[in-house]
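Novice: Next comes the structure file data_6.tsv, holding TSV, C-alpha atoms (C1' of nucleotides).
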```tsv
chain	number	residue	atom	x	y	z
A	1	MET	CA	-34.53	-16.94	-46.67
A	2	ASP	CA	-35.25	-20.28	-45.10
A	3	THR	CA	-37.80	-20.02	-42.35
A	4	ALA	CA	-39.23	-23.51	-42.57
A	5	HIS	CA	-37.71	-24.54	-39.25
A	6	ILE	CA	-39.11	-21.57	-37.31
A	7	GLU	CA	-42.28	-22.45	-35.47
A	8	GLU	CA	-44.52	-19.52	-36.20
A	9	PRO	CA	-47.17	-19.90	-33.53
A	10	ARG	CA	-50.78	-20.01	-34.61
A	11	TRP	CA	-52.38	-17.47	-32.32
A	12	LEU	CA	-55.91	-17.91	-31.11
A	13	SER	CA	-58.63	-16.31	-33.19
A	14	ASP	CA	-61.04	-13.90	-31.51
A	15	GLU	CA	-63.60	-16.65	-31.36
A	16	GLU	CA	-61.14	-19.04	-29.77
A	17	GLN	CA	-59.99	-16.42	-27.31
A	18	ARG	CA	-63.54	-15.91	-26.14
A	19	VAL	CA	-63.94	-19.61	-25.55
A	20	TRP	CA	-60.63	-19.82	-23.74
A	21	ARG	CA	-61.38	-16.89	-21.51
A	22	ALA	CA	-64.72	-18.39	-20.66
A	23	TYR	CA	-62.92	-21.52	-19.60
A	24	VAL	CA	-60.36	-19.73	-17.47
A	25	HIS	CA	-63.01	-17.66	-15.77
A	26	ALA	CA	-65.45	-20.46	-15.20
A	27	ALA	CA	-62.74	-22.73	-13.83
A	28	ALA	CA	-61.46	-20.09	-11.43
A	29	LEU	CA	-64.89	-19.12	-10.19
A	30	LEU	CA	-66.18	-22.65	-9.92
A	31	GLU	CA	-63.24	-24.11	-8.03
A	32	ASP	CA	-63.31	-21.16	-5.71
A	33	HIS	CA	-66.99	-21.47	-5.11
A	34	LEU	CA	-66.90	-25.18	-4.35
A	35	ASP	CA	-63.80	-24.93	-2.21
A	36	ARG	CA	-65.34	-22.19	-0.15
A	37	GLN	CA	-68.63	-23.96	0.30
A	38	LEU	CA	-67.00	-27.20	1.38
A	39	GLN	CA	-64.39	-25.54	3.51
A	40	ARG	CA	-67.13	-23.72	5.37
A	41	ASP	CA	-69.54	-26.62	5.73
A	42	ALA	CA	-67.25	-29.61	5.93
A	43	LYS	CA	-63.79	-28.29	6.75
A	44	MET	CA	-62.20	-29.64	3.62
A	45	PRO	CA	-61.37	-28.52	0.09
A	46	HIS	CA	-63.19	-29.89	-2.92
A	47	ILE	CA	-60.53	-32.39	-3.87
A	48	TYR	CA	-60.68	-34.02	-0.45
A	49	TYR	CA	-64.40	-34.42	-0.84
A	50	VAL	CA	-63.83	-36.17	-4.16
A	51	LEU	CA	-61.29	-38.41	-2.47
A	52	LEU	CA	-63.76	-39.47	0.19
A	53	ALA	CA	-66.45	-39.96	-2.42
A	54	CYS	CA	-64.20	-42.26	-4.46
A	55	LEU	CA	-63.37	-44.36	-1.44
A	56	SER	CA	-66.98	-44.56	-0.33
A	57	GLU	CA	-67.97	-46.12	-3.65
A	58	ALA	CA	-65.04	-48.52	-3.90
A	59	PRO	CA	-65.48	-52.25	-3.25
A	60	HIS	CA	-64.50	-52.53	0.40
A	61	ARG	CA	-64.46	-48.78	0.93
A	62	ARG	CA	-60.80	-49.01	0.03
A	63	LEU	CA	-58.46	-48.37	-2.87
A	64	ARG	CA	-54.78	-48.74	-3.52
A	65	MET	CA	-53.00	-45.40	-3.47
A	66	THR	CA	-51.94	-45.51	-7.09
A	67	GLU	CA	-55.37	-46.56	-8.27
A	68	LEU	CA	-56.96	-43.72	-6.35
A	69	ALA	CA	-54.45	-41.25	-7.71
A	70	MET	CA	-55.21	-42.32	-11.27
A	71	MET	CA	-58.94	-42.11	-10.68
A	72	MET	CA	-58.58	-38.59	-9.35
A	73	LYS	CA	-56.04	-37.56	-11.96
A	74	ILE	CA	-53.60	-36.28	-9.40
A	75	THR	CA	-50.02	-37.22	-8.60
A	76	ARG	CA	-49.18	-39.86	-6.05
A	77	SER	CA	-47.33	-37.27	-4.07
A	78	ARG	CA	-50.34	-35.06	-3.79
A	79	LEU	CA	-52.46	-38.00	-2.78
A	80	SER	CA	-49.95	-39.03	-0.16
A	81	HIS	CA	-50.15	-35.62	1.48
A	82	ALA	CA	-53.92	-35.57	1.21
A	83	VAL	CA	-54.36	-38.97	2.81
A	84	ALA	CA	-51.97	-37.98	5.57
A	85	ARG	CA	-54.16	-35.01	6.35
A	86	LEU	CA	-57.40	-36.98	6.23
A	87	GLU	CA	-55.81	-39.61	8.41
A	88	LYS	CA	-55.20	-36.99	11.08
A	89	ASN	CA	-58.92	-36.21	11.00
A	90	ARG	CA	-59.63	-39.94	11.32
A	91	TRP	CA	-61.72	-39.82	8.17
A	92	VAL	CA	-59.38	-42.19	6.34
A	93	ARG	CA	-56.99	-44.84	7.54
A	94	ARG	CA	-54.26	-46.80	5.78
A	95	GLU	CA	-53.68	-50.51	5.67
A	96	ASP	CA	-50.84	-52.54	4.24
A	97	CYS	CA	-51.52	-54.58	1.14
A	98	PRO	CA	-50.87	-58.24	1.93
A	99	SER	CA	-50.02	-59.27	-1.62
A	100	ASP	CA	-47.58	-56.44	-2.34
A	101	LYS	CA	-45.57	-55.22	0.59
A	102	ARG	CA	-44.95	-51.88	-1.07
A	103	GLY	CA	-48.66	-51.28	-1.42
A	104	GLN	CA	-51.03	-49.34	0.78
A	105	PHE	CA	-54.78	-49.19	0.90
A	106	ALA	CA	-56.58	-46.01	1.74
A	107	ILE	CA	-59.82	-46.81	3.55
A	108	ILE	CA	-62.61	-44.46	4.49
A	109	THR	CA	-63.64	-44.80	8.13
A	110	ASP	CA	-67.16	-44.77	9.52
A	111	GLN	CA	-66.49	-41.28	10.72
A	112	GLY	CA	-65.31	-40.27	7.26
A	113	LEU	CA	-68.41	-41.77	5.72
A	114	SER	CA	-70.64	-39.82	8.02
A	115	VAL	CA	-68.80	-36.57	7.34
A	116	LEU	CA	-69.21	-37.27	3.65
A	117	GLU	CA	-72.92	-37.91	4.02
A	118	GLN	CA	-73.36	-34.70	5.94
A	119	ALA	CA	-71.48	-32.73	3.33
A	120	ALA	CA	-73.06	-34.28	0.27
A	121	PRO	CA	-76.38	-32.42	0.07
A	122	GLY	CA	-74.78	-29.00	0.35
A	123	HIS	CA	-72.17	-29.87	-2.20
A	124	VAL	CA	-74.65	-31.28	-4.69
A	125	ASN	CA	-76.75	-28.19	-4.30
A	126	ALA	CA	-73.78	-25.98	-4.99
A	127	VAL	CA	-72.97	-27.90	-8.16
A	128	ARG	CA	-76.58	-27.87	-9.23
A	129	HIS	CA	-76.97	-24.15	-8.71
A	130	ALA	CA	-73.74	-23.32	-10.43
A	131	VAL	CA	-74.04	-25.65	-13.39
A	132	PHE	CA	-77.10	-27.77	-14.03
A	133	ASP	CA	-79.79	-25.30	-13.09
A	134	ARG	CA	-78.41	-22.91	-15.68
A	135	LEU	CA	-77.95	-25.16	-18.68
A	136	SER	CA	-80.48	-26.81	-20.96
A	137	PRO	CA	-80.17	-30.57	-21.45
A	138	ASP	CA	-78.58	-29.96	-24.85
A	139	GLN	CA	-76.09	-27.56	-23.37
A	140	GLN	CA	-75.24	-30.03	-20.64
A	141	LYS	CA	-74.70	-32.76	-23.16
A	142	ALA	CA	-72.48	-30.61	-25.35
A	143	LEU	CA	-70.48	-29.43	-22.36
A	144	GLY	CA	-69.91	-32.96	-21.18
A	145	GLU	CA	-68.80	-34.16	-24.57
A	146	ALA	CA	-66.34	-31.34	-25.10
A	147	LEU	CA	-64.84	-31.76	-21.64
A	148	GLN	CA	-64.57	-35.48	-22.04
A	149	ILE	CA	-62.62	-35.06	-25.24
A	150	ILE	CA	-60.29	-32.60	-23.56
A	151	ALA	CA	-59.78	-34.88	-20.59
A	152	GLU	CA	-59.06	-37.88	-22.77
A	153	GLY	CA	-56.50	-35.94	-24.72
A	154	LEU	CA	-54.60	-35.07	-21.58
A	155	GLU	CA	-54.77	-38.49	-20.00
A	156	PRO	CA	-51.22	-39.74	-19.51
A	157	LYS	CA	-50.97	-42.70	-21.89
A	158	ASP	CA	-48.05	-44.26	-20.06
A	159	ALA	CA	-48.56	-45.07	-16.42
A	160	GLY	CA	-45.88	-42.71	-15.13
A	161	ALA	CA	-48.04	-39.94	-13.77
A	162	ASP	CA	-45.29	-38.78	-11.47
A	163	LEU	CA	-42.51	-39.08	-14.02
A	164	PRO	CA	-42.76	-36.21	-16.48
A	165	TRP	CA	-39.44	-37.08	-18.12
A	166	LEU	CA	-41.05	-40.16	-19.65
A	167	ARG	CA	-43.34	-38.01	-21.72
B	168	MET	CA	-95.55	-36.60	9.71
B	169	ASP	CA	-94.52	-33.17	8.52
B	170	THR	CA	-91.40	-33.28	6.39
B	171	ALA	CA	-92.04	-30.24	4.27
B	172	HIS	CA	-89.27	-28.26	5.91
B	173	ILE	CA	-86.63	-30.91	5.31
B	174	GLU	CA	-84.52	-30.13	2.27
B	175	GLU	CA	-84.38	-33.43	0.45
B	176	PRO	CA	-81.43	-32.93	-1.87
B	177	ARG	CA	-81.94	-33.58	-5.54
B	178	TRP	CA	-79.03	-35.86	-6.37
B	179	LEU	CA	-77.37	-35.77	-9.74
B	180	SER	CA	-78.72	-38.11	-12.38
B	181	ASP	CA	-76.34	-40.53	-14.08
B	182	GLU	CA	-76.22	-38.23	-17.06
B	183	GLU	CA	-75.41	-35.23	-14.87
B	184	GLN	CA	-72.80	-37.18	-12.99
B	185	ARG	CA	-71.03	-38.02	-16.22
B	186	VAL	CA	-70.94	-34.36	-17.18
B	187	TRP	CA	-69.73	-33.33	-13.75
B	188	ARG	CA	-67.00	-35.94	-13.70
B	189	ALA	CA	-65.88	-34.84	-17.12
B	190	TYR	CA	-65.59	-31.32	-15.78
B	191	VAL	CA	-63.64	-32.31	-12.69
B	192	HIS	CA	-61.25	-34.43	-14.70
B	193	ALA	CA	-60.74	-31.96	-17.49
B	194	ALA	CA	-60.17	-29.11	-15.07
B	195	ALA	CA	-57.63	-31.07	-13.04
B	196	LEU	CA	-55.74	-32.32	-16.08
B	197	LEU	CA	-55.81	-29.03	-17.92
B	198	GLU	CA	-54.66	-26.83	-15.06
B	199	ASP	CA	-51.93	-29.30	-14.32
B	200	HIS	CA	-50.82	-29.44	-17.89
B	201	LEU	CA	-50.66	-25.68	-18.35
B	202	ASP	CA	-49.00	-25.08	-15.02
B	203	ARG	CA	-46.34	-27.64	-15.77
B	204	GLN	CA	-45.67	-26.30	-19.24
B	205	LEU	CA	-45.36	-22.71	-18.07
B	206	GLN	CA	-43.42	-23.58	-14.96
B	207	ARG	CA	-40.92	-25.43	-17.09
B	208	ASP	CA	-40.63	-22.90	-19.90
B	209	ALA	CA	-41.24	-19.60	-18.15
B	210	LYS	CA	-40.79	-20.24	-14.44
B	211	MET	CA	-44.29	-19.23	-13.51
B	212	PRO	CA	-47.67	-20.83	-12.98
B	213	HIS	CA	-50.55	-20.29	-15.37
B	214	ILE	CA	-52.26	-17.63	-13.32
B	215	TYR	CA	-49.15	-15.46	-13.30
B	216	TYR	CA	-49.03	-15.69	-17.06
B	217	VAL	CA	-52.61	-14.49	-17.21
B	218	LEU	CA	-51.70	-11.64	-14.90
B	219	LEU	CA	-48.88	-10.49	-17.15
B	220	ALA	CA	-51.11	-10.85	-20.19
B	221	CYS	CA	-53.79	-8.67	-18.63
B	222	LEU	CA	-51.30	-5.95	-17.79
B	223	SER	CA	-49.71	-6.09	-21.22
B	224	GLU	CA	-53.03	-5.31	-22.87
B	225	ALA	CA	-54.08	-2.60	-20.43
B	226	PRO	CA	-53.98	1.10	-21.39
B	227	HIS	CA	-50.62	2.18	-20.03
B	228	ARG	CA	-49.53	-1.36	-19.29
B	229	ARG	CA	-50.99	-0.77	-15.86
B	230	LEU	CA	-54.06	-1.58	-13.83
B	231	ARG	CA	-55.30	-0.81	-10.36
B	232	MET	CA	-55.01	-3.78	-8.07
B	233	THR	CA	-58.73	-4.16	-7.50
B	234	GLU	CA	-59.51	-3.86	-11.18
B	235	LEU	CA	-56.95	-6.50	-12.03
B	236	ALA	CA	-58.28	-8.79	-9.33
B	237	MET	CA	-61.80	-8.48	-10.71
B	238	MET	CA	-60.63	-9.12	-14.23
B	239	MET	CA	-58.85	-12.26	-13.14
B	240	LYS	CA	-61.62	-13.34	-10.81
B	241	ILE	CA	-59.29	-13.81	-7.89
B	242	THR	CA	-59.20	-12.24	-4.44
B	243	ARG	CA	-57.25	-9.09	-3.73
B	244	SER	CA	-55.19	-11.01	-1.25
B	245	ARG	CA	-54.10	-13.55	-3.80
B	246	LEU	CA	-53.28	-10.79	-6.22
B	247	SER	CA	-51.26	-8.96	-3.63
B	248	HIS	CA	-49.09	-11.99	-3.04
B	249	ALA	CA	-48.78	-12.66	-6.75
B	250	VAL	CA	-47.68	-9.13	-7.56
B	251	ALA	CA	-45.19	-9.27	-4.71
B	252	ARG	CA	-43.63	-12.32	-6.26
B	253	LEU	CA	-43.57	-10.90	-9.76
B	254	GLU	CA	-42.09	-7.72	-8.37
B	255	LYS	CA	-39.17	-9.72	-7.00
B	256	ASN	CA	-38.57	-11.03	-10.51
B	257	ARG	CA	-38.74	-7.46	-11.81
B	258	TRP	CA	-41.48	-8.45	-14.22
B	259	VAL	CA	-43.97	-6.12	-12.57
B	260	ARG	CA	-43.58	-2.98	-10.52
B	261	ARG	CA	-45.98	-0.98	-8.38
B	262	GLU	CA	-46.77	2.69	-8.45
B	263	ASP	CA	-48.89	4.84	-6.17
B	264	CYS	CA	-52.12	6.19	-7.54
B	265	PRO	CA	-52.01	9.98	-7.40
B	266	SER	CA	-55.76	10.51	-7.19
B	267	ASP	CA	-56.35	7.99	-4.40
B	268	LYS	CA	-53.60	7.56	-1.89
B	269	ARG	CA	-54.82	4.10	-0.96
B	270	GLY	CA	-54.54	2.93	-4.53
B	271	GLN	CA	-51.76	1.08	-6.26
B	272	PHE	CA	-51.05	0.41	-9.89
B	273	ALA	CA	-49.47	-2.81	-11.03
B	274	ILE	CA	-47.35	-2.17	-14.10
B	275	ILE	CA	-45.65	-4.70	-16.34
B	276	THR	CA	-41.99	-3.88	-16.94
B	277	ASP	CA	-40.10	-4.18	-20.22
B	278	GLN	CA	-38.48	-7.26	-18.81
B	279	GLY	CA	-41.88	-8.69	-17.93
B	280	LEU	CA	-43.15	-7.96	-21.38
B	281	SER	CA	-40.26	-9.77	-22.96
B	282	VAL	CA	-40.71	-12.79	-20.70
B	283	LEU	CA	-44.36	-12.83	-21.67
B	284	GLU	CA	-43.53	-12.70	-25.36
B	285	GLN	CA	-41.09	-15.54	-25.00
B	286	ALA	CA	-43.61	-17.64	-23.16
B	287	ALA	CA	-46.60	-16.91	-25.36
B	288	PRO	CA	-45.98	-19.26	-28.29
B	289	GLY	CA	-45.43	-22.30	-26.11
B	290	HIS	CA	-48.46	-21.53	-24.04
B	291	VAL	CA	-50.72	-20.96	-27.02
B	292	ASN	CA	-49.53	-24.22	-28.47
B	293	ALA	CA	-50.33	-26.05	-25.29
B	294	VAL	CA	-53.84	-24.62	-25.24
B	295	ARG	CA	-54.32	-25.39	-28.89
B	296	HIS	CA	-53.17	-28.96	-28.58
B	297	ALA	CA	-55.23	-29.60	-25.47
B	298	VAL	CA	-58.41	-27.90	-26.57
B	299	PHE	CA	-58.90	-26.41	-29.99
B	300	ASP	CA	-57.18	-29.05	-32.08
B	301	ARG	CA	-59.54	-31.63	-30.65
B	302	LEU	CA	-62.89	-29.91	-30.98
B	303	SER	CA	-64.97	-29.09	-34.03
B	304	PRO	CA	-66.08	-25.47	-34.44
B	305	ASP	CA	-69.54	-26.42	-33.23
B	306	GLN	CA	-68.14	-28.11	-30.17
B	307	GLN	CA	-65.98	-25.10	-29.42
B	308	LYS	CA	-68.95	-22.81	-29.70
B	309	ALA	CA	-71.08	-24.95	-27.44
B	310	LEU	CA	-68.30	-25.27	-24.89
B	311	GLY	CA	-67.77	-21.53	-24.81
B	312	GLU	CA	-71.44	-20.79	-24.37
B	313	ALA	CA	-71.90	-23.25	-21.54
B	314	LEU	CA	-68.83	-22.01	-19.71
B	315	GLN	CA	-69.82	-18.41	-20.15
B	316	ILE	CA	-73.19	-19.08	-18.58
B	317	ILE	CA	-71.53	-20.84	-15.65
B	318	ALA	CA	-69.05	-18.01	-15.17
B	319	GLU	CA	-71.75	-15.37	-15.27
B	320	GLY	CA	-73.77	-17.22	-12.69
B	321	LEU	CA	-70.86	-17.22	-10.26
B	322	GLU	CA	-69.81	-13.65	-10.80
B	323	PRO	CA	-70.05	-11.82	-7.48
B	324	LYS	CA	-72.84	-9.31	-8.02
B	325	ASP	CA	-71.71	-7.03	-5.21
B	326	ALA	CA	-68.19	-5.73	-5.27
B	327	GLY	CA	-67.01	-7.50	-2.11
B	328	ALA	CA	-64.86	-10.21	-3.60
B	329	ASP	CA	-62.88	-10.57	-0.41
B	330	LEU	CA	-65.84	-10.37	1.94
B	331	PRO	CA	-67.67	-13.68	1.89
B	332	TRP	CA	-70.12	-12.59	4.61
B	333	LEU	CA	-71.66	-10.18	2.12
B	334	ARG	CA	-72.33	-13.18	-0.10
C	335	DT	C1'	-65.97	19.81	11.61
C	336	DT	C1'	-65.95	15.20	13.73
C	337	DC	C1'	-67.63	10.61	13.94
C	338	DT	C1'	-68.66	6.51	11.49
C	339	DT	C1'	-68.44	3.48	7.95
C	340	DA	C1'	-66.64	1.76	3.71
C	341	DT	C1'	-62.79	1.04	0.51
C	342	DG	C1'	-58.03	-0.31	-1.17
C	343	DC	C1'	-54.63	-2.97	-0.23
C	344	DT	C1'	-51.26	-5.76	2.63
C	345	DT	C1'	-49.75	-9.11	6.04
C	346	DG	C1'	-48.69	-13.55	8.41
C	347	DA	C1'	-50.00	-17.97	9.72
C	348	DA	C1'	-51.95	-22.16	8.33
C	349	DC	C1'	-52.69	-25.04	4.82
C	350	DC	C1'	-52.02	-27.19	0.24
C	351	DC	C1'	-49.32	-28.62	-3.83
C	352	DT	C1'	-45.07	-29.49	-6.62
C	353	DC	C1'	-40.72	-31.24	-7.42
C	354	DA	C1'	-36.91	-34.06	-6.76
C	355	DA	C1'	-34.93	-37.34	-3.97
C	356	DC	C1'	-35.40	-41.38	-1.35
C	357	DT	C1'	-36.81	-46.15	0.57
C	358	DT	C1'	-38.49	-50.45	0.04
C	359	DA	C1'	-40.17	-54.09	-2.70
C	360	DT	C1'	-41.09	-56.53	-7.09
C	361	DC	C1'	-39.83	-57.90	-11.69
C	362	DT	C1'	-36.73	-59.26	-15.55
C	363	DG	C1'	-33.28	-61.43	-17.90
C	364	DA	C1'	-28.73	-63.30	-18.33
D	365	DT	C1'	-29.47	-66.36	-8.58
D	366	DC	C1'	-28.50	-61.96	-8.64
D	367	DA	C1'	-27.95	-57.36	-10.69
D	368	DG	C1'	-30.25	-53.86	-12.75
D	369	DA	C1'	-34.58	-51.81	-13.79
D	370	DT	C1'	-39.07	-50.67	-12.54
D	371	DA	C1'	-42.89	-49.81	-9.37
D	372	DA	C1'	-45.35	-48.14	-4.93
D	373	DG	C1'	-45.34	-44.88	-1.92
D	374	DT	C1'	-43.35	-41.13	1.21
D	375	DT	C1'	-40.80	-37.09	2.45
D	376	DG	C1'	-39.28	-32.21	3.03
D	377	DA	C1'	-38.29	-27.91	1.08
D	378	DG	C1'	-40.02	-24.23	-1.47
D	379	DG	C1'	-43.58	-21.76	-3.11
D	380	DG	C1'	-48.71	-20.62	-3.81
D	381	DT	C1'	-53.41	-19.75	-1.71
D	382	DT	C1'	-56.74	-18.75	1.93
D	383	DC	C1'	-58.49	-16.58	5.83
D	384	DA	C1'	-58.82	-13.23	9.22
D	385	DA	C1'	-56.96	-9.26	10.86
D	386	DG	C1'	-54.90	-4.89	10.19
D	387	DC	C1'	-53.49	-0.11	8.42
D	388	DA	C1'	-54.43	3.91	5.95
D	389	DT	C1'	-57.37	6.72	3.26
D	390	DA	C1'	-61.86	8.22	1.51
D	391	DA	C1'	-66.73	9.08	1.70
D	392	DG	C1'	-70.84	9.99	4.15
D	393	DA	C1'	-73.63	11.52	8.14
D	394	DA	C1'	-74.51	14.53	12.04
```
Using the file provided, produce a representation of the structure as structure tokens.
Specialist:
Amino acid sequence: MDTAHIEEPRWLSDEEQRVWRAYVHAAALLEDHLDRQLQRDAKMPHIYYVLLACLSEAPHRRLRMTELAMMMKITRSRLSHAVARLEKNRWVRREDCPSDKRGQFAIITDQGLSVLEQAAPGHVNAVRHAVFDRLSPDQQKALGEALQIIAEGLEPKDAGADLPWLR
Amino acid sequence: MDTAHIEEPRWLSDEEQRVWRAYVHAAALLEDHLDRQLQRDAKMPHIYYVLLACLSEAPHRRLRMTELAMMMKITRSRLSHAVARLEKNRWVRREDCPSDKRGQFAIITDQGLSVLEQAAPGHVNAVRHAVFDRLSPDQQKALGEALQIIAEGLEPKDAGADLPWLR
DNA sequence: TTCTTATGCTTGAACCCTCAACTTATCTGA
DNA sequence: TCAGATAAGTTGAGGGTTCAAGCATAAGAA
């Protein structure tokens, strides 16, 4: 009997399952925790905080939409919706790109900057309590290295973040 | 000048920032990747797969709603909506608990079980490719330990998962 | 018992994200 | 120069999640 073409899946070992479960649980609890904290204290979910933080550190407090999307590892569509929402709050505004008429800059406003500064201490504390206060330097280092490898492996090699059929 | 009462936040060091960014990126990319794979191949997001998997391993293929929510580290509300959706697909059904008239069991159906079995190999492969194929055994171990510590720290000590004011 | 509080679970509105389709603009090559 | 092809970004529908409120039952106190 020829079974060479059948992909017999390699199930996860007990050890691997434990690691995987730890990931699933930690990710669920952590995202929840941060979202709740920021939603309560700054009226925005975690990802919107990251968005503002990226803009605040960018050269002229501005980034092209695509660049920002790649930085944040989210789709352009998602970013478009997010910026639209933040624009309503007057925390971000858009501006046309002079050199490419298709292009848009997202720019953090003074108001957005001040909201970000108000939110930052609470957010950093939440991260610290949840993660860094609990791990030894070695554990932190190991965690970072493993996650970096995972992230790199999933990075879309080709630009088309929104175009899954290119995969 | 008395500044003792002012909480000067301890910002993240460069090293800590790198670790934190790695987490944020890995989490975003990984959830996205798994959701997309499962949505394509099994018409459900990752969390619904986990839900079915939990039920499939439970004693009589059934769990009380609250128990399942705690296992999955999600709110009862979210679970309620999720089960409602899976019930429409006939992958899960509900049953009243005889000993507590408020209680409900969620039960995976034969159909749900078969969908789960069909989806499992592809999902395991995705996890393997993204995580375990890229990390040495030591790295896996370290990752698991760090994540477990983080998860434990965020576990709600008191039962009230839905009641944030109890903290 | 009866009153009070706590528990189990659901609901609907508001919000967020995904997917596919679309618009406009830029690039490429014959 | 001009017709694809590609790129930047947006849109709306459909579906998932959150939050606060609600209903019904159970447990505890008086």
Novice: Pick out the residues sitting within 12 Å of DA367 (chain D), and hand them over as a list in words; count all atoms listed in the file, and ignore anything fewer than 3 positions along from it in its own chain.
Specialist: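 My reading of the contact set: DC361, DT362, DG363 and DA364 of chain C.
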Novice: Would you give me, as a VMD selection string, the residues of chain A that come within 7 Å of chain C, using all atoms listed in the file?
Specialist: chain A and resid 78 101 to 102
Novice: I want to know what sits within 12 Å of Leu34 (chain A), based on all atoms listed in the file, with residues of the same chain fewer than 4 positions away left out; could you give that as an MDAnalysis selection string?
Specialist: (chainID A and resid 26:30 38:50 119:120 122:131) or (chainID B and resid 191 321)
Novice: Output as a PyMOL selection string the set of chain B residues within 6 Å of chain A, with distances taken over only C-alpha atoms.
Specialist: chain B and resi 176+186+189-190+193+288+298+310-311+314-315+317-318
Novice: Which residues of chain D come within 10 Å of chain A, and what is each one's closest atom pair and distance in Å (one decimal), counting all atoms listed in the file, sorted by chain and residue number, as a Markdown table?
Specialist:
```
| residue | atom | partner | partner_atom | distance |
| --- | --- | --- | --- | --- |
| D:DA371 | C1' | A:Arg102 | CA | 8.8 |
| D:DA372 | C1' | A:Arg102 | CA | 5.4 |
| D:DG373 | C1' | A:Arg102 | CA | 7.1 |
| D:DT374 | C1' | A:Ser80 | CA | 7.1 |
| D:DT375 | C1' | A:Ser77 | CA | 9.2 |
| D:DT382 | C1' | A:Arg36 | CA | 9.5 |
```
Novice: Distance CA of Ile274 (chain B)-CA of Leu230 (chain B), one decimal place?
Specialist: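 Interatomic distance, CA of Ile274 (chain B) to CA of Leu230 (chain B): 6.7 Å.
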Novice: Taking N, CA and C atoms as the atom set, what does region 246-261 of chain B look like once completed, written as a PDB file, keeping the file's coordinate frame?
Specialist:
```
ATOM      1  N   LEU B 246     -53.955 -11.676  -5.278  1.00  0.00           N
ATOM      2  CA  LEU B 246     -53.280 -10.790  -6.220  1.00  0.00           C
ATOM      3  C   LEU B 246     -52.097 -10.093  -5.567  1.00  0.00           C
ATOM      4  N   SER B 247     -52.312  -9.657  -4.351  1.00  0.00           N
ATOM      5  CA  SER B 247     -51.260  -8.960  -3.630  1.00  0.00           C
ATOM      6  C   SER B 247     -50.010  -9.838  -3.528  1.00  0.00           C
ATOM      7  N   HIS B 248     -50.217 -11.070  -3.127  1.00  0.00           N
ATOM      8  CA  HIS B 248     -49.090 -11.990  -3.040  1.00  0.00           C
ATOM      9  C   HIS B 248     -48.455 -12.218  -4.408  1.00  0.00           C
ATOM     10  N   ALA B 249     -49.289 -12.388  -5.411  1.00  0.00           N
ATOM     11  CA  ALA B 249     -48.780 -12.660  -6.750  1.00  0.00           C
ATOM     12  C   ALA B 249     -47.921 -11.511  -7.261  1.00  0.00           C
ATOM     13  N   VAL B 250     -48.430 -10.293  -7.085  1.00  0.00           N
ATOM     14  CA  VAL B 250     -47.680  -9.130  -7.560  1.00  0.00           C
ATOM     15  C   VAL B 250     -46.378  -9.005  -6.786  1.00  0.00           C
ATOM     16  N   ALA B 251     -46.425  -9.323  -5.499  1.00  0.00           N
ATOM     17  CA  ALA B 251     -45.190  -9.270  -4.710  1.00  0.00           C
ATOM     18  C   ALA B 251     -44.143 -10.207  -5.291  1.00  0.00           C
ATOM     19  N   ARG B 252     -44.580 -11.365  -5.687  1.00  0.00           N
ATOM     20  CA  ARG B 252     -43.630 -12.320  -6.260  1.00  0.00           C
ATOM     21  C   ARG B 252     -43.106 -11.831  -7.596  1.00  0.00           C
ATOM     22  N   LEU B 253     -43.989 -11.366  -8.442  1.00  0.00           N
ATOM     23  CA  LEU B 253     -43.570 -10.900  -9.760  1.00  0.00           C
ATOM     24  C   LEU B 253     -42.689  -9.659  -9.651  1.00  0.00           C
ATOM     25  N   GLU B 254     -42.913  -8.900  -8.597  1.00  0.00           N
ATOM     26  CA  GLU B 254     -42.090  -7.720  -8.370  1.00  0.00           C
ATOM     27  C   GLU B 254     -40.646  -8.142  -8.052  1.00  0.00           C
ATOM     28  N   LYS B 255     -40.520  -9.220  -7.316  1.00  0.00           N
ATOM     29  CA  LYS B 255     -39.170  -9.720  -7.000  1.00  0.00           C
ATOM     30  C   LYS B 255     -38.433 -10.110  -8.271  1.00  0.00           C
ATOM     31  N   ASN B 256     -39.169 -10.660  -9.227  1.00  0.00           N
ATOM     32  CA  ASN B 256     -38.570 -11.030 -10.510  1.00  0.00           C
ATOM     33  C   ASN B 256     -38.356  -9.838 -11.427  1.00  0.00           C
ATOM     34  N   ARG B 257     -38.828  -8.678 -10.997  1.00  0.00           N
ATOM     35  CA  ARG B 257     -38.740  -7.460 -11.810  1.00  0.00           C
ATOM     36  C   ARG B 257     -39.542  -7.583 -13.104  1.00  0.00           C
ATOM     37  N   TRP B 258     -40.614  -8.348 -13.052  1.00  0.00           N
ATOM     38  CA  TRP B 258     -41.480  -8.450 -14.220  1.00  0.00           C
ATOM     39  C   TRP B 258     -42.662  -7.504 -14.074  1.00  0.00           C
ATOM     40  N   VAL B 259     -42.887  -7.055 -12.876  1.00  0.00           N
ATOM     41  CA  VAL B 259     -43.970  -6.120 -12.570  1.00  0.00           C
ATOM     42  C   VAL B 259     -43.422  -5.131 -11.546  1.00  0.00           C
ATOM     43  N   ARG B 260     -43.898  -3.898 -11.612  1.00  0.00           N
ATOM     44  CA  ARG B 260     -43.580  -2.980 -10.520  1.00  0.00           C
ATOM     45  C   ARG B 260     -44.860  -2.297 -10.081  1.00  0.00           C
ATOM     46  N   ARG B 261     -44.819  -1.692  -8.899  1.00  0.00           N
ATOM     47  CA  ARG B 261     -45.980  -0.980  -8.380  1.00  0.00           C
ATOM     48  C   ARG B 261     -45.758   0.507  -8.475  1.00  0.00           C
TER      49      ARG B 261
END
```
